[in-house]
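What follows is a single structure, written as structure tokens, with notes after it.
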Amino acid sequence: MGSGWFTSDRAKHVALATAWVLPEPSRCVQCGICSFHCPVEIDVRRHVWRGEPVKDSRCLTCGECVKRCPRGLLRLEPISATRPSTDQPATAQPETVHSATVDPNPGSR
């Protein structure tokens, strides 16, 4: 095996990994149909239960779980649309730093 296999496999992964499966967990009844139909056996139901996108590196973004969900709670969303923008300024205020004076010779009094 040469490095050519890895390069083509990497290119394939980059091409496929342009979207995440995003759930709407509040209406999920945990039937498991999404996980049952996943061709790489990802526990999609667990991701839905936790309310997190399917970020498993094995995900092919094939959409089987999205198509099979009987309640229509899954959707494919471009990764770039779900990441926070780095162009916007931070809204958090800087922390206040409190300092204390420490007596280097506490027993000298």
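Chain lettering (A, B, ...) mirrors the order of the structure tokens, residue numbering begins at 1 for each chain separately, and ligand numbering begins at 1 in order of display.
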Residues within 8 Å of A:Ser35, only C-alpha atoms, excluding chain neighbours under 6 positions, as a PyMOL selection string: chain A and resi 41-45+65
Write a file of the selected residues as a short mmCIF file (atom, residue, chain, number, x, y, z; two decimals), in the first residue's frame, keeping N, CA and C atoms.
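The result, stored in selection.cif:
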data_model
loop_
_atom_site.label_atom_id
_atom_site.label_comp_id
_atom_site.auth_asym_id
_atom_site.auth_seq_id
_atom_site.Cartn_x
_atom_site.Cartn_y
_atom_site.Cartn_z
N GLU A 41 -23.75 1.61 10.94
CA GLU A 41 -24.18 1.26 12.29
C GLU A 41 -23.87 2.31 13.35
N ILE A 42 -24.04 3.58 12.99
CA ILE A 42 -23.91 4.67 13.97
C ILE A 42 -25.19 4.70 14.81
N ASP A 43 -25.05 4.90 16.09
CA ASP A 43 -26.21 5.01 16.97
C ASP A 43 -26.78 6.43 16.87
N VAL A 44 -27.49 6.68 15.79
CA VAL A 44 -28.06 8.01 15.53
C VAL A 44 -29.03 8.39 16.64
N ARG A 45 -29.77 7.42 17.12
CA ARG A 45 -30.77 7.67 18.17
C ARG A 45 -30.11 8.30 19.41
N CYS A 65 -30.76 7.90 7.48
CA CYS A 65 -31.45 8.17 8.74
C CYS A 65 -32.46 9.30 8.57
#
For stretch 50-53 of chain A: contacts at 9 Å, only C-alpha atoms, fewer than 2 positions along chain excluded, given as a ChimeraX atom specification: /A:20-26,45-48,55-56
Computed interatomic separation between atom CA of A:Cys31 and atom CA of A:Thr18 (Å):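 According to the coordinates, atom CA of A:Cys31 and atom CA of A:Thr18 are separated by 27.0 Å.
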Near-A:Pro70 list (12 Å; only C-alpha atoms; drop same-chain fewer than 6 positions) as number ranges by chain: A: 27-34, 64
Generate a file of the selected residues that holds N, CA and C atoms, formatted as a PDB file, in the first residue's frame.
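Generated file (out-v8.pdb):
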ATOM      1  N   ARG A  27     -39.227  16.187  19.864  1.00  0.00           N
ATOM      2  CA  ARG A  27     -40.351  15.382  19.355  1.00  0.00           C
ATOM      3  C   ARG A  27     -39.980  13.924  19.105  1.00  0.00           C
ATOM      4  N   CYS A  28     -38.738  13.532  19.404  1.00  0.00           N
ATOM      5  CA  CYS A  28     -38.280  12.163  19.143  1.00  0.00           C
ATOM      6  C   CYS A  28     -38.904  11.189  20.138  1.00  0.00           C
ATOM      7  N   VAL A  29     -39.362  10.041  19.635  1.00  0.00           N
ATOM      8  CA  VAL A  29     -39.944   9.009  20.488  1.00  0.00           C
ATOM      9  C   VAL A  29     -38.978   7.843  20.693  1.00  0.00           C
ATOM     10  N   GLN A  30     -37.720   7.998  20.260  1.00  0.00           N
ATOM     11  CA  GLN A  30     -36.667   7.002  20.455  1.00  0.00           C
ATOM     12  C   GLN A  30     -37.030   5.630  19.873  1.00  0.00           C
ATOM     13  N   CYS A  31     -37.611   5.636  18.671  1.00  0.00           N
ATOM     14  CA  CYS A  31     -37.995   4.370  18.039  1.00  0.00           C
ATOM     15  C   CYS A  31     -36.784   3.597  17.517  1.00  0.00           C
ATOM     16  N   GLY A  32     -35.695   4.294  17.167  1.00  0.00           N
ATOM     17  CA  GLY A  32     -34.473   3.631  16.715  1.00  0.00           C
ATOM     18  C   GLY A  32     -34.419   3.315  15.240  1.00  0.00           C
ATOM     19  N   ILE A  33     -35.408   3.725  14.468  1.00  0.00           N
ATOM     20  CA  ILE A  33     -35.419   3.436  13.033  1.00  0.00           C
ATOM     21  C   ILE A  33     -34.225   4.096  12.344  1.00  0.00           C
ATOM     22  N   CYS A  34     -33.841   5.284  12.800  1.00  0.00           N
ATOM     23  CA  CYS A  34     -32.697   5.979  12.207  1.00  0.00           C
ATOM     24  C   CYS A  34     -31.419   5.153  12.370  1.00  0.00           C
ATOM     25  N   GLU A  64     -29.725   8.262   4.870  1.00  0.00           N
ATOM     26  CA  GLU A  64     -30.676   7.178   5.158  1.00  0.00           C
ATOM     27  C   GLU A  64     -31.451   7.440   6.443  1.00  0.00           C
TER      28      GLU A  64
END
